[in-house]
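upload_9.tsv (TSV, C-alpha atoms)
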```tsv
chain	number	residue	atom	x	y	z
C	1	MET	CA	-8.11	12.87	-6.03
C	2	SER	CA	-5.37	15.46	-6.46
C	3	GLU	CA	-1.73	15.25	-7.40
C	4	THR	CA	0.44	15.65	-4.31
C	5	GLY	CA	1.46	12.47	-2.51
C	6	LEU	CA	1.30	11.95	1.23
C	7	HIS	CA	4.70	10.32	1.44
C	8	ASP	CA	6.71	13.45	2.07
C	9	ARG	CA	4.41	14.81	4.70
C	10	THR	CA	4.27	11.68	6.85
C	11	ALA	CA	7.93	12.12	7.74
C	12	VAL	CA	7.17	15.31	9.67
C	13	ASP	CA	8.02	14.76	13.28
C	14	GLU	CA	5.18	12.89	14.88
C	15	SER	CA	6.41	13.12	18.45
C	16	GLU	CA	5.96	16.88	18.29
C	17	LEU	CA	2.35	16.46	17.15
C	18	VAL	CA	1.75	13.97	19.96
C	19	ALA	CA	3.14	16.39	22.53
C	20	ARG	CA	0.96	19.19	21.19
C	21	LEU	CA	-2.08	16.91	21.17
C	22	ARG	CA	-1.50	16.02	24.83
C	23	ALA	CA	-1.34	19.73	25.56
C	24	GLY	CA	-4.77	20.13	23.94
C	25	ASP	CA	-3.64	21.82	20.73
C	26	GLU	CA	-6.58	21.68	18.31
C	27	ARG	CA	-4.38	22.31	15.25
C	28	ALA	CA	-2.28	19.28	16.11
C	29	PHE	CA	-5.44	17.19	16.36
C	30	GLU	CA	-6.62	18.43	12.96
C	31	ALA	CA	-3.23	17.67	11.42
C	32	LEU	CA	-3.32	14.12	12.77
C	33	VAL	CA	-6.88	13.59	11.59
C	34	GLU	CA	-6.00	14.79	8.09
C	35	ARG	CA	-2.94	12.59	7.96
C	36	HIS	CA	-4.52	9.37	9.19
C	37	TYR	CA	-8.16	9.62	8.13
C	38	PRO	CA	-7.87	7.98	4.65
C	39	THR	CA	-6.02	4.94	5.99
C	40	MET	CA	-8.38	4.63	8.94
C	41	LEU	CA	-11.43	4.78	6.71
C	42	ALA	CA	-9.98	2.22	4.28
C	43	VAL	CA	-9.16	-0.16	7.12
C	44	ALA	CA	-12.52	0.37	8.82
C	45	ARG	CA	-14.31	-0.36	5.56
C	46	HIS	CA	-12.55	-3.66	5.59
C	47	TYR	CA	-14.22	-4.69	8.82
C	48	VAL	CA	-17.72	-3.28	8.49
C	49	LYS	CA	-20.33	-3.34	5.77
C	50	THR	CA	-21.10	0.22	4.92
C	51	ARG	CA	-19.26	3.46	4.52
C	52	ALA	CA	-21.58	5.10	7.05
C	53	VAL	CA	-20.67	2.59	9.74
C	54	ALA	CA	-16.99	2.85	8.79
C	55	GLU	CA	-17.21	6.62	9.32
C	56	GLU	CA	-18.68	6.04	12.77
C	57	VAL	CA	-15.94	3.54	13.57
C	58	VAL	CA	-13.29	6.10	12.61
C	59	GLN	CA	-14.92	8.74	14.79
C	60	GLU	CA	-15.19	6.34	17.72
C	61	ALA	CA	-11.56	5.32	17.25
C	62	TRP	CA	-10.46	8.96	17.49
C	63	LEU	CA	-12.12	9.16	20.89
C	64	GLY	CA	-10.08	6.11	21.85
C	65	VAL	CA	-6.96	7.83	20.56
C	66	LEU	CA	-7.68	10.99	22.59
C	67	ASN	CA	-8.47	9.06	25.75
C	68	GLY	CA	-5.39	6.88	25.36
C	69	ILE	CA	-2.84	9.39	24.04
C	70	ASP	CA	-1.19	9.75	27.45
C	71	ARG	CA	-0.43	6.05	27.36
C	72	PHE	CA	1.18	6.13	23.88
C	73	GLN	CA	4.84	5.38	24.45
C	74	GLY	CA	6.21	5.47	20.94
C	75	ARG	CA	7.28	1.82	20.88
C	76	SER	CA	5.44	1.42	17.59
C	77	SER	CA	4.74	4.13	15.04
C	78	LEU	CA	1.84	6.40	15.96
C	79	ARG	CA	0.02	5.10	12.90
C	80	THR	CA	0.38	1.49	14.06
C	81	TRP	CA	-0.95	2.48	17.47
C	82	ILE	CA	-3.89	4.41	16.00
C	83	LEU	CA	-4.69	1.54	13.63
C	84	ARG	CA	-4.68	-0.92	16.52
C	85	ILE	CA	-7.32	1.18	18.31
C	86	LEU	CA	-9.26	1.48	15.07
C	87	VAL	CA	-9.20	-2.27	14.39
C	88	ASN	CA	-10.38	-3.07	17.91
C	89	THR	CA	-13.22	-0.59	17.50
C	90	ALA	CA	-14.08	-1.92	14.04
C	91	LYS	CA	-14.00	-5.56	15.14
C	92	THR	CA	-16.38	-4.92	17.99
C	93	ARG	CA	-18.62	-3.02	15.64
C	94	GLY	CA	-18.12	-5.58	12.86
C	95	GLU	CA	-19.43	-8.35	15.06
C	96	ARG	CA	-22.53	-6.35	15.80
C	97	GLU	CA	-22.93	-5.63	12.11
C	98	ALA	CA	-22.45	-9.31	11.22
C	99	ARG	CA	-20.24	-8.55	8.27
C	100	THR	CA	-20.83	-11.18	5.61
C	101	VAL	CA	-17.38	-11.44	4.05
C	102	PRO	CA	-15.17	-13.50	6.34
C	103	PHE	CA	-11.92	-11.84	7.15
C	104	ALA	CA	-10.02	-15.00	6.27
C	105	SER	CA	-10.71	-14.11	2.64
C	106	LEU	CA	-7.61	-11.94	2.85
C	107	ALA	CA	-5.51	-15.07	2.36
C	108	PRO	CA	-4.13	-15.13	-1.18
C	109	GLU	CA	-5.99	-17.44	-3.56
C	110	ASP	CA	-4.37	-19.69	-6.13
C	111	ASP	CA	-1.21	-19.07	-8.03
C	112	GLU	CA	-1.39	-15.96	-10.11
C	113	PRO	CA	1.79	-15.13	-12.06
C	114	ALA	CA	2.97	-11.51	-12.12
C	115	VAL	CA	3.53	-11.83	-15.88
C	116	GLU	CA	1.65	-14.27	-18.17
C	117	SER	CA	3.67	-17.43	-18.69
C	118	GLU	CA	3.35	-17.11	-22.49
C	119	ARG	CA	5.77	-14.20	-22.32
C	120	PHE	CA	8.56	-16.57	-21.30
C	121	ARG	CA	10.26	-19.35	-23.26
C	122	GLY	CA	8.98	-22.84	-22.60
C	123	ALA	CA	10.65	-25.84	-20.96
C	124	ASP	CA	11.81	-27.27	-24.33
C	125	ASP	CA	13.66	-24.05	-25.23
C	126	PRO	CA	17.44	-23.80	-24.70
C	127	PHE	CA	16.68	-20.82	-22.38
C	128	PRO	CA	13.58	-21.87	-20.46
C	129	GLY	CA	11.93	-19.13	-18.42
C	130	HIS	CA	13.64	-16.31	-20.30
C	131	TRP	CA	11.74	-13.45	-21.96
C	132	ARG	CA	10.49	-14.16	-25.47
C	133	ALA	CA	10.46	-10.40	-26.04
C	134	TYR	CA	11.79	-7.90	-23.50
C	135	PRO	CA	9.38	-5.59	-21.71
C	136	GLY	CA	9.63	-1.98	-22.86
C	137	ASN	CA	12.30	0.42	-21.64
C	138	TRP	CA	10.21	3.10	-19.94
C	139	GLN	CA	13.20	5.30	-19.26
C	140	ARG	CA	12.97	6.25	-22.92
C	141	LEU	CA	9.43	7.55	-22.48
C	142	PRO	CA	8.98	11.32	-22.28
C	143	ASP	CA	8.17	12.43	-18.71
C	144	GLU	CA	4.89	13.97	-19.91
C	145	VAL	CA	3.52	10.54	-20.84
C	146	LEU	CA	3.90	9.18	-17.33
C	147	ALA	CA	2.74	12.42	-15.76
C	148	ALA	CA	-0.36	12.59	-17.99
C	149	ARG	CA	-3.76	12.63	-16.32
C	150	GLU	CA	-4.80	9.78	-18.60
C	151	THR	CA	-2.00	7.56	-17.28
C	152	LEU	CA	-3.01	8.28	-13.70
C	153	ASP	CA	-6.66	7.55	-14.52
C	154	ILE	CA	-5.71	4.11	-15.84
C	155	VAL	CA	-3.86	3.38	-12.62
C	156	ILE	CA	-6.82	4.54	-10.52
C	157	ALA	CA	-9.27	2.44	-12.56
C	158	THR	CA	-7.06	-0.64	-12.30
C	159	ILE	CA	-6.74	-0.34	-8.53
C	160	HIS	CA	-10.48	0.12	-8.29
C	161	GLN	CA	-11.04	-3.21	-10.05
C	162	LEU	CA	-8.63	-5.23	-7.88
C	163	PRO	CA	-10.00	-7.84	-5.48
C	164	ALA	CA	-10.59	-6.08	-2.13
C	165	PRO	CA	-7.61	-7.63	-0.27
C	166	GLN	CA	-5.18	-6.58	-3.01
C	167	ARG	CA	-6.77	-3.16	-3.27
C	168	ILE	CA	-6.42	-2.33	0.39
C	169	VAL	CA	-2.83	-3.53	0.58
C	170	ILE	CA	-1.64	-1.51	-2.45
C	171	THR	CA	-3.62	1.50	-1.19
C	172	MET	CA	-2.00	1.36	2.23
C	173	ARG	CA	1.51	0.64	0.95
C	174	ASP	CA	1.80	2.72	-2.20
C	175	ILE	CA	-0.74	5.52	-1.81
C	176	GLN	CA	-0.76	6.05	1.93
C	177	GLY	CA	2.87	5.17	2.52
C	178	CYS	CA	2.35	2.55	5.24
C	179	ASP	CA	5.14	0.07	5.84
C	180	SER	CA	4.52	-3.67	5.78
C	181	GLU	CA	4.36	-3.86	9.58
C	182	GLU	CA	1.55	-1.31	9.70
C	183	VAL	CA	-0.38	-3.22	7.05
C	184	CYS	CA	0.06	-6.59	8.78
C	185	GLU	CA	-1.03	-5.08	12.08
C	186	ALA	CA	-4.09	-3.36	10.65
C	187	LEU	CA	-5.32	-6.22	8.50
C	188	ASP	CA	-4.22	-9.07	10.70
C	189	VAL	CA	-2.26	-10.77	7.91
C	190	SER	CA	1.16	-12.40	7.91
C	191	GLU	CA	4.11	-10.61	6.36
C	192	GLY	CA	4.17	-13.24	3.63
C	193	ASN	CA	0.51	-12.83	2.70
C	194	GLN	CA	0.87	-9.07	2.76
C	195	ARG	CA	3.73	-9.34	0.28
C	196	VAL	CA	1.84	-11.71	-2.05
C	197	LEU	CA	-1.17	-9.37	-2.11
C	198	LEU	CA	1.03	-6.34	-2.80
C	199	HIS	CA	2.95	-8.25	-5.45
C	200	ARG	CA	-0.18	-9.23	-7.35
C	201	ALA	CA	-1.71	-5.79	-7.07
C	202	ARG	CA	1.42	-4.04	-8.37
C	203	ALA	CA	1.80	-6.60	-11.16
C	204	LYS	CA	-1.72	-5.84	-12.40
C	205	VAL	CA	-1.16	-2.10	-12.31
C	206	ARG	CA	2.14	-2.52	-14.17
C	207	SER	CA	0.42	-4.66	-16.76
C	208	ALA	CA	-2.32	-2.05	-17.28
C	209	LEU	CA	0.33	0.65	-17.65
C	210	GLU	CA	2.20	-1.52	-20.13
C	211	GLY	CA	-0.95	-1.89	-22.23
C	212	HIS	CA	-1.34	1.87	-22.23
C	213	LEU	CA	2.29	2.94	-22.67
C	214	ASP	CA	3.57	0.30	-25.05
C	215	GLY	CA	0.31	-0.52	-26.79
Q	1	MET	CA	31.23	-28.45	-9.04
Q	2	ALA	CA	27.49	-28.07	-9.42
Q	3	GLU	CA	26.17	-26.15	-12.37
Q	4	HIS	CA	26.56	-22.40	-11.86
Q	5	GLU	CA	23.49	-21.28	-9.93
Q	6	HIS	CA	21.14	-18.85	-11.61
Q	7	ILE	CA	17.49	-17.84	-11.76
Q	8	SER	CA	15.34	-17.32	-14.84
Q	9	CYS	CA	13.54	-14.15	-15.90
Q	10	GLN	CA	10.25	-15.83	-15.00
Q	11	GLU	CA	11.56	-16.32	-11.44
Q	12	VAL	CA	12.96	-12.79	-11.26
Q	13	VAL	CA	9.59	-11.15	-11.87
Q	14	GLU	CA	8.13	-13.06	-8.91
Q	15	LEU	CA	10.91	-11.85	-6.59
Q	16	VAL	CA	10.64	-8.15	-7.41
Q	17	THR	CA	8.37	-7.21	-4.50
Q	18	GLY	CA	10.52	-9.07	-1.98
Q	19	TYR	CA	13.63	-7.50	-3.49
Q	20	LEU	CA	12.22	-3.96	-3.26
Q	21	ASP	CA	11.08	-4.60	0.33
Q	22	GLN	CA	14.50	-6.06	1.14
Q	23	THR	CA	12.97	-9.21	2.53
Q	24	LEU	CA	14.71	-11.73	0.24
Q	25	PRO	CA	17.16	-14.11	1.90
Q	26	PRO	CA	20.73	-12.92	1.15
Q	27	GLU	CA	21.50	-15.71	-1.36
Q	28	GLU	CA	18.31	-15.02	-3.29
Q	29	ALA	CA	18.94	-11.27	-3.27
Q	30	SER	CA	22.40	-11.83	-4.70
Q	31	LEU	CA	21.09	-14.18	-7.43
Q	32	PHE	CA	18.48	-11.53	-8.23
Q	33	GLU	CA	21.09	-8.79	-8.52
Q	34	GLN	CA	23.42	-10.93	-10.63
Q	35	HIS	CA	20.56	-11.61	-13.01
Q	36	ILE	CA	19.52	-7.97	-13.26
Q	37	ASN	CA	23.11	-6.99	-14.00
Q	38	PHE	CA	23.28	-9.01	-17.19
Q	39	CYS	CA	19.63	-9.07	-18.33
Q	40	ASP	CA	18.26	-5.90	-19.94
Q	41	GLY	CA	14.73	-7.33	-20.04
Q	42	CYS	CA	14.63	-7.82	-16.28
Q	43	GLU	CA	16.38	-4.53	-15.61
Q	44	TRP	CA	13.63	-2.82	-17.60
Q	45	TYR	CA	10.97	-4.86	-15.82
Q	46	LEU	CA	12.34	-3.74	-12.45
Q	47	ASP	CA	12.39	-0.17	-13.70
Q	48	GLN	CA	8.78	-0.54	-14.89
Q	49	MET	CA	7.82	-1.73	-11.42
Q	50	ARG	CA	9.53	1.25	-9.77
Q	51	THR	CA	7.72	3.55	-12.20
Q	52	THR	CA	4.44	1.78	-11.42
Q	53	ILE	CA	4.94	2.32	-7.69
Q	54	SER	CA	5.79	5.99	-8.08
Q	55	THR	CA	2.79	6.51	-10.37
Q	56	VAL	CA	0.47	4.87	-7.83
Q	57	GLY	CA	2.07	7.14	-5.22
Q	58	ARG	CA	0.79	10.21	-7.08
Q	59	ILE	CA	-2.80	9.30	-6.25
Q	60	THR	CA	-4.14	11.02	-3.19
Q	61	GLU	CA	-7.30	10.19	-1.41
Q	62	GLU	CA	-10.27	12.27	-0.52
Q	63	ASP	CA	-10.11	14.87	2.20
Q	64	VAL	CA	-11.85	14.48	5.51
Q	65	PRO	CA	-15.56	15.17	4.85
Q	66	PRO	CA	-16.65	18.48	6.45
Q	67	ASP	CA	-19.29	16.89	8.71
Q	68	THR	CA	-16.79	14.32	9.99
Q	69	ARG	CA	-14.32	17.11	10.66
Q	70	GLU	CA	-16.97	19.03	12.62
Q	71	LYS	CA	-17.97	15.99	14.68
Q	72	LEU	CA	-14.34	15.22	15.46
Q	73	LEU	CA	-13.60	18.79	16.48
Q	74	THR	CA	-16.64	18.81	18.76
Q	75	ALA	CA	-15.47	15.56	20.32
Q	76	PHE	CA	-11.99	17.03	20.72
Q	77	ARG	CA	-13.30	20.12	22.52
Q	78	GLU	CA	-15.34	17.95	24.88
Q	79	TRP	CA	-12.31	15.76	25.54
Q	80	LYS	CA	-10.23	18.85	26.26
Q	81	ARG	CA	-12.74	20.13	28.80
Q	82	SER	CA	-12.96	16.83	30.65
```
Can you turn what I pasted into structure tokens?
Amino acid sequence: MSETGLHDRTAVDESELVARLRAGDERAFEALVERHYPTMLAVARHYVKTRAVAEEVVQEAWLGVLNGIDRFQGRSSLRTWILRILVNTAKTRGEREARTVPFASLAPEDDEPAVESERFRGADDPFPGHWRAYPGNWQRLPDEVLAARETLDIVIATIHQLPAPQRIVITMRDIQGCDSEEVCEALDVSEGNQRVLLHRARAKVRSALEGHLDG
Amino acid sequence: MAEHEHISCQEVVELVTGYLDQTLPPEEASLFEQHINFCDGCEWYLDQMRTTISTVGRITEEDVPPDTREKLLTAFREWKRS
């Protein structure tokens, strides 16, 4: 993993790339593949068992994209449209592969507070639910601390350990720059569930950073 | 008059994601903002969450594997010919 985020690049005009792709421009195709491959692979891995099959699903989905590009009308984002083709491909394949984890497992489990309840004053306190001690003020931290490789490694390790549904949602939203609509479409979850999964994932990463930065 | 409406810090931390996504109902969003305006702890928590998100955003994922790239380019050239 390197240091430059995708977020800035995704804003580059997609309709131009689509037009060039329709005209058979190989560079445009490569640019689209580079841009969307990580998200496609992550989503495909969610529907099929192995990375090898997920790779095949992504490749098959690109054929679907090429064969259907003339019908893309821009009513949704190109990414949403590509992900829809990918999910259809993956689901067909997933059924053949008899994936063991049911997709319904994406539904959030029990209550899981963003911050441990011990950090707030109890019901018998004059200020119930208020911080016992404030969280740290990170604006006072030197920039180098946040930018340090070590800090990033802690974030990567924490995301790696998240339950799969939380991991894919935070990956799509905060690493790959998808919006909530794209996530809901790709994972077949409600907006509310998507938000709960993102909320829990971010809370755990924040907590890991807190342990590192304030510890 | 009912007691002045407010939310606790413990409630604020659970609303942060909805607030950042701008999906809170207007009344809740305004209670959230009122709270943040007078509570340093929650202001710093919100700032920590923004920092968390931007730090996660610095991760990039692996490049397209070379053999996948080759297969896709071959498929593209076939598609172009057809």
Tell me, in Å to one decimal, how far atom CA of C:Ala31 is from atom CA of C:Lys49.
27.7 Å
Distance query stretch 24-26 of chain Q at most 12 Å, all atoms listed in the file, self and fewer than 6 positions along chain excluded, as a ChimeraX atom specification:
/C:192,195 /Q:12,14-18,32-33
Find the distance between atom CA of Q:Gln48 and atom CA of C:Cys178 and write it in Å to one decimal.
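Answer for the atom CA of Q:Gln48 to atom CA of C:Cys178 separation: 21.4 Å.
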Just to confirm, what's the straight-line distance from atom CA of Q:Arg69 to atom CA of C:Ser76 in Å (one decimal)?
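Going from atom CA of Q:Arg69 over to atom CA of C:Ser76, I get 26.2 Å.
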Identify, on the basis of only C-alpha atoms, every residue whose closest approach to C:His36 does not exceed 8 Å; exclude the query and any residue fewer than 4 positions from it along the same chain; express the result as a ChimeraX atom specification.
/C:32,40,79
Residues of chain Q within 10 Å of chain C: nearest atom pair and distance (Å, one decimal) for each, counting only C-alpha atoms, sorted by chain and number, as CSV?
```
residue,atom,partner,partner_atom,distance
Q:Ile7,CA,C:Gly129,CA,8.8
Q:Ser8,CA,C:Gly129,CA,5.3
Q:Cys9,CA,C:His130,CA,4.9
Q:Gln10,CA,C:Gly129,CA,5.0
Q:Glu11,CA,C:Gly129,CA,7.5
Q:Val12,CA,C:Gly129,CA,9.6
Q:Val13,CA,C:Ala114,CA,6.6
Q:Glu14,CA,C:Ala114,CA,6.3
Q:Leu15,CA,C:His199,CA,8.8
Q:Val16,CA,C:His199,CA,7.9
Q:Thr17,CA,C:His199,CA,5.6
Q:Gly18,CA,C:Arg195,CA,7.2
Q:Asp21,CA,C:Ser180,CA,8.6
Q:Thr23,CA,C:Arg195,CA,9.5
Q:Cys39,CA,C:Tyr134,CA,9.5
Q:Asp40,CA,C:Tyr134,CA,7.7
Q:Gly41,CA,C:Tyr134,CA,4.6
Q:Cys42,CA,C:Tyr134,CA,7.8
Q:Glu43,CA,C:Asn137,CA,8.8
Q:Trp44,CA,C:Asn137,CA,5.3
Q:Tyr45,CA,C:Pro135,CA,6.1
Q:Leu46,CA,C:Pro135,CA,9.9
Q:Asp47,CA,C:Trp138,CA,7.4
Q:Gln48,CA,C:Trp138,CA,6.4
Q:Met49,CA,C:Arg206,CA,6.4
Q:Arg50,CA,C:Arg206,CA,9.4
Q:Thr51,CA,C:Trp138,CA,8.1
Q:Thr52,CA,C:Arg206,CA,5.6
Q:Ile53,CA,C:Asp174,CA,6.3
Q:Ser54,CA,C:Asp174,CA,7.8
Q:Thr55,CA,C:Leu152,CA,6.9
Q:Val56,CA,C:Asp174,CA,6.2
Q:Gly57,CA,C:Ile175,CA,4.7
Q:Arg58,CA,C:Gly5,CA,5.1
Q:Ile59,CA,C:Glu3,CA,6.2
Q:Thr60,CA,C:Met1,CA,5.2
Q:Glu61,CA,C:Met1,CA,5.4
Q:Glu62,CA,C:Met1,CA,5.9
Q:Asp63,CA,C:Glu34,CA,7.2
Q:Val64,CA,C:Glu34,CA,6.4
Q:Pro65,CA,C:Glu55,CA,9.8
Q:Thr68,CA,C:Gln59,CA,7.6
Q:Arg69,CA,C:Glu30,CA,8.1
Q:Lys71,CA,C:Gln59,CA,7.9
Q:Leu72,CA,C:Gln59,CA,6.5
Q:Leu73,CA,C:Glu26,CA,7.8
Q:Ala75,CA,C:Leu63,CA,7.2
Q:Phe76,CA,C:Glu26,CA,7.5
Q:Arg77,CA,C:Glu26,CA,8.1
Q:Trp79,CA,C:Leu66,CA,7.3
Q:Lys80,CA,C:Gly24,CA,6.1
Q:Arg81,CA,C:Gly24,CA,9.3
```
Export of the given selection (C-alpha atoms) as a compact mmCIF listing (two decimals), in the coordinates of the input:
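Output below, filename selection-v6.txt:
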```
# COMPACT_ATOMS: atom_id res chain seq x y z
CA ILE Q 7 17.49 -17.84 -11.76
CA SER Q 8 15.34 -17.32 -14.84
CA CYS Q 9 13.54 -14.15 -15.90
CA GLN Q 10 10.25 -15.83 -15.00
CA GLU Q 11 11.56 -16.32 -11.44
CA VAL Q 12 12.96 -12.79 -11.26
CA VAL Q 13 9.59 -11.15 -11.87
CA GLU Q 14 8.13 -13.06 -8.91
CA LEU Q 15 10.91 -11.85 -6.59
CA VAL Q 16 10.64 -8.15 -7.41
CA THR Q 17 8.37 -7.21 -4.50
CA GLY Q 18 10.52 -9.07 -1.98
CA ASP Q 21 11.08 -4.60 0.33
CA THR Q 23 12.97 -9.21 2.53
CA CYS Q 39 19.63 -9.07 -18.33
CA ASP Q 40 18.26 -5.90 -19.94
CA GLY Q 41 14.73 -7.33 -20.04
CA CYS Q 42 14.63 -7.82 -16.28
CA GLU Q 43 16.38 -4.53 -15.61
CA TRP Q 44 13.63 -2.82 -17.60
CA TYR Q 45 10.97 -4.86 -15.82
CA LEU Q 46 12.34 -3.74 -12.45
CA ASP Q 47 12.39 -0.17 -13.70
CA GLN Q 48 8.78 -0.54 -14.89
CA MET Q 49 7.82 -1.73 -11.42
CA ARG Q 50 9.53 1.25 -9.77
CA THR Q 51 7.72 3.55 -12.20
CA THR Q 52 4.44 1.78 -11.42
CA ILE Q 53 4.94 2.32 -7.69
CA SER Q 54 5.79 5.99 -8.08
CA THR Q 55 2.79 6.51 -10.37
CA VAL Q 56 0.47 4.87 -7.83
CA GLY Q 57 2.07 7.14 -5.22
CA ARG Q 58 0.79 10.21 -7.08
CA ILE Q 59 -2.80 9.30 -6.25
CA THR Q 60 -4.14 11.02 -3.19
CA GLU Q 61 -7.30 10.19 -1.41
CA GLU Q 62 -10.27 12.27 -0.52
CA ASP Q 63 -10.11 14.87 2.20
CA VAL Q 64 -11.85 14.48 5.51
CA PRO Q 65 -15.56 15.17 4.85
CA THR Q 68 -16.79 14.32 9.99
CA ARG Q 69 -14.32 17.11 10.66
CA LYS Q 71 -17.97 15.99 14.68
CA LEU Q 72 -14.34 15.22 15.46
CA LEU Q 73 -13.60 18.79 16.48
CA ALA Q 75 -15.47 15.56 20.32
CA PHE Q 76 -11.99 17.03 20.72
CA ARG Q 77 -13.30 20.12 22.52
CA TRP Q 79 -12.31 15.76 25.54
CA LYS Q 80 -10.23 18.85 26.26
CA ARG Q 81 -12.74 20.13 28.80
```
Considering all atoms listed in the file, state which residue in the set C:Cys184, C:Ala61, C:Val43, C:Ala201 is at the smallest distance from C:Ile85.
C:Ala61
Could you write out as AutoDock Vina command-line options the box around stretch 57-75 of chain Q (axis-aligned, all atoms listed in the file, 4 Å on each side), with centre and edge lengths in Å to one decimal?
```
--center_x -8.6 --center_y 13.1 --center_z 6.6 --size_x 29.4 --size_y 19.9 --size_z 35.4
```
Neighbours of C:His46 within 10 Å (all atoms listed in the file; same-chain residues fewer than 4 positions away dropped), as a compact mmCIF listing (two decimals) with C-alpha atoms, in the frame of the given file?
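Output below, filename selection.txt:
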```txt
# COMPACT_ATOMS: atom_id res chain seq x y z
CA MET C 40 -8.38 4.63 8.94
CA LEU C 41 -11.43 4.78 6.71
CA ALA C 42 -9.98 2.22 4.28
CA THR C 50 -21.10 0.22 4.92
CA ARG C 51 -19.26 3.46 4.52
CA ALA C 54 -16.99 2.85 8.79
CA VAL C 87 -9.20 -2.27 14.39
CA ALA C 90 -14.08 -1.92 14.04
CA LYS C 91 -14.00 -5.56 15.14
CA GLY C 94 -18.12 -5.58 12.86
CA ARG C 99 -20.24 -8.55 8.27
CA VAL C 101 -17.38 -11.44 4.05
CA PHE C 103 -11.92 -11.84 7.15
CA ALA C 164 -10.59 -6.08 -2.13
CA PRO C 165 -7.61 -7.63 -0.27
CA ILE C 168 -6.42 -2.33 0.39
CA ALA C 186 -4.09 -3.36 10.65
CA LEU C 187 -5.32 -6.22 8.50
```
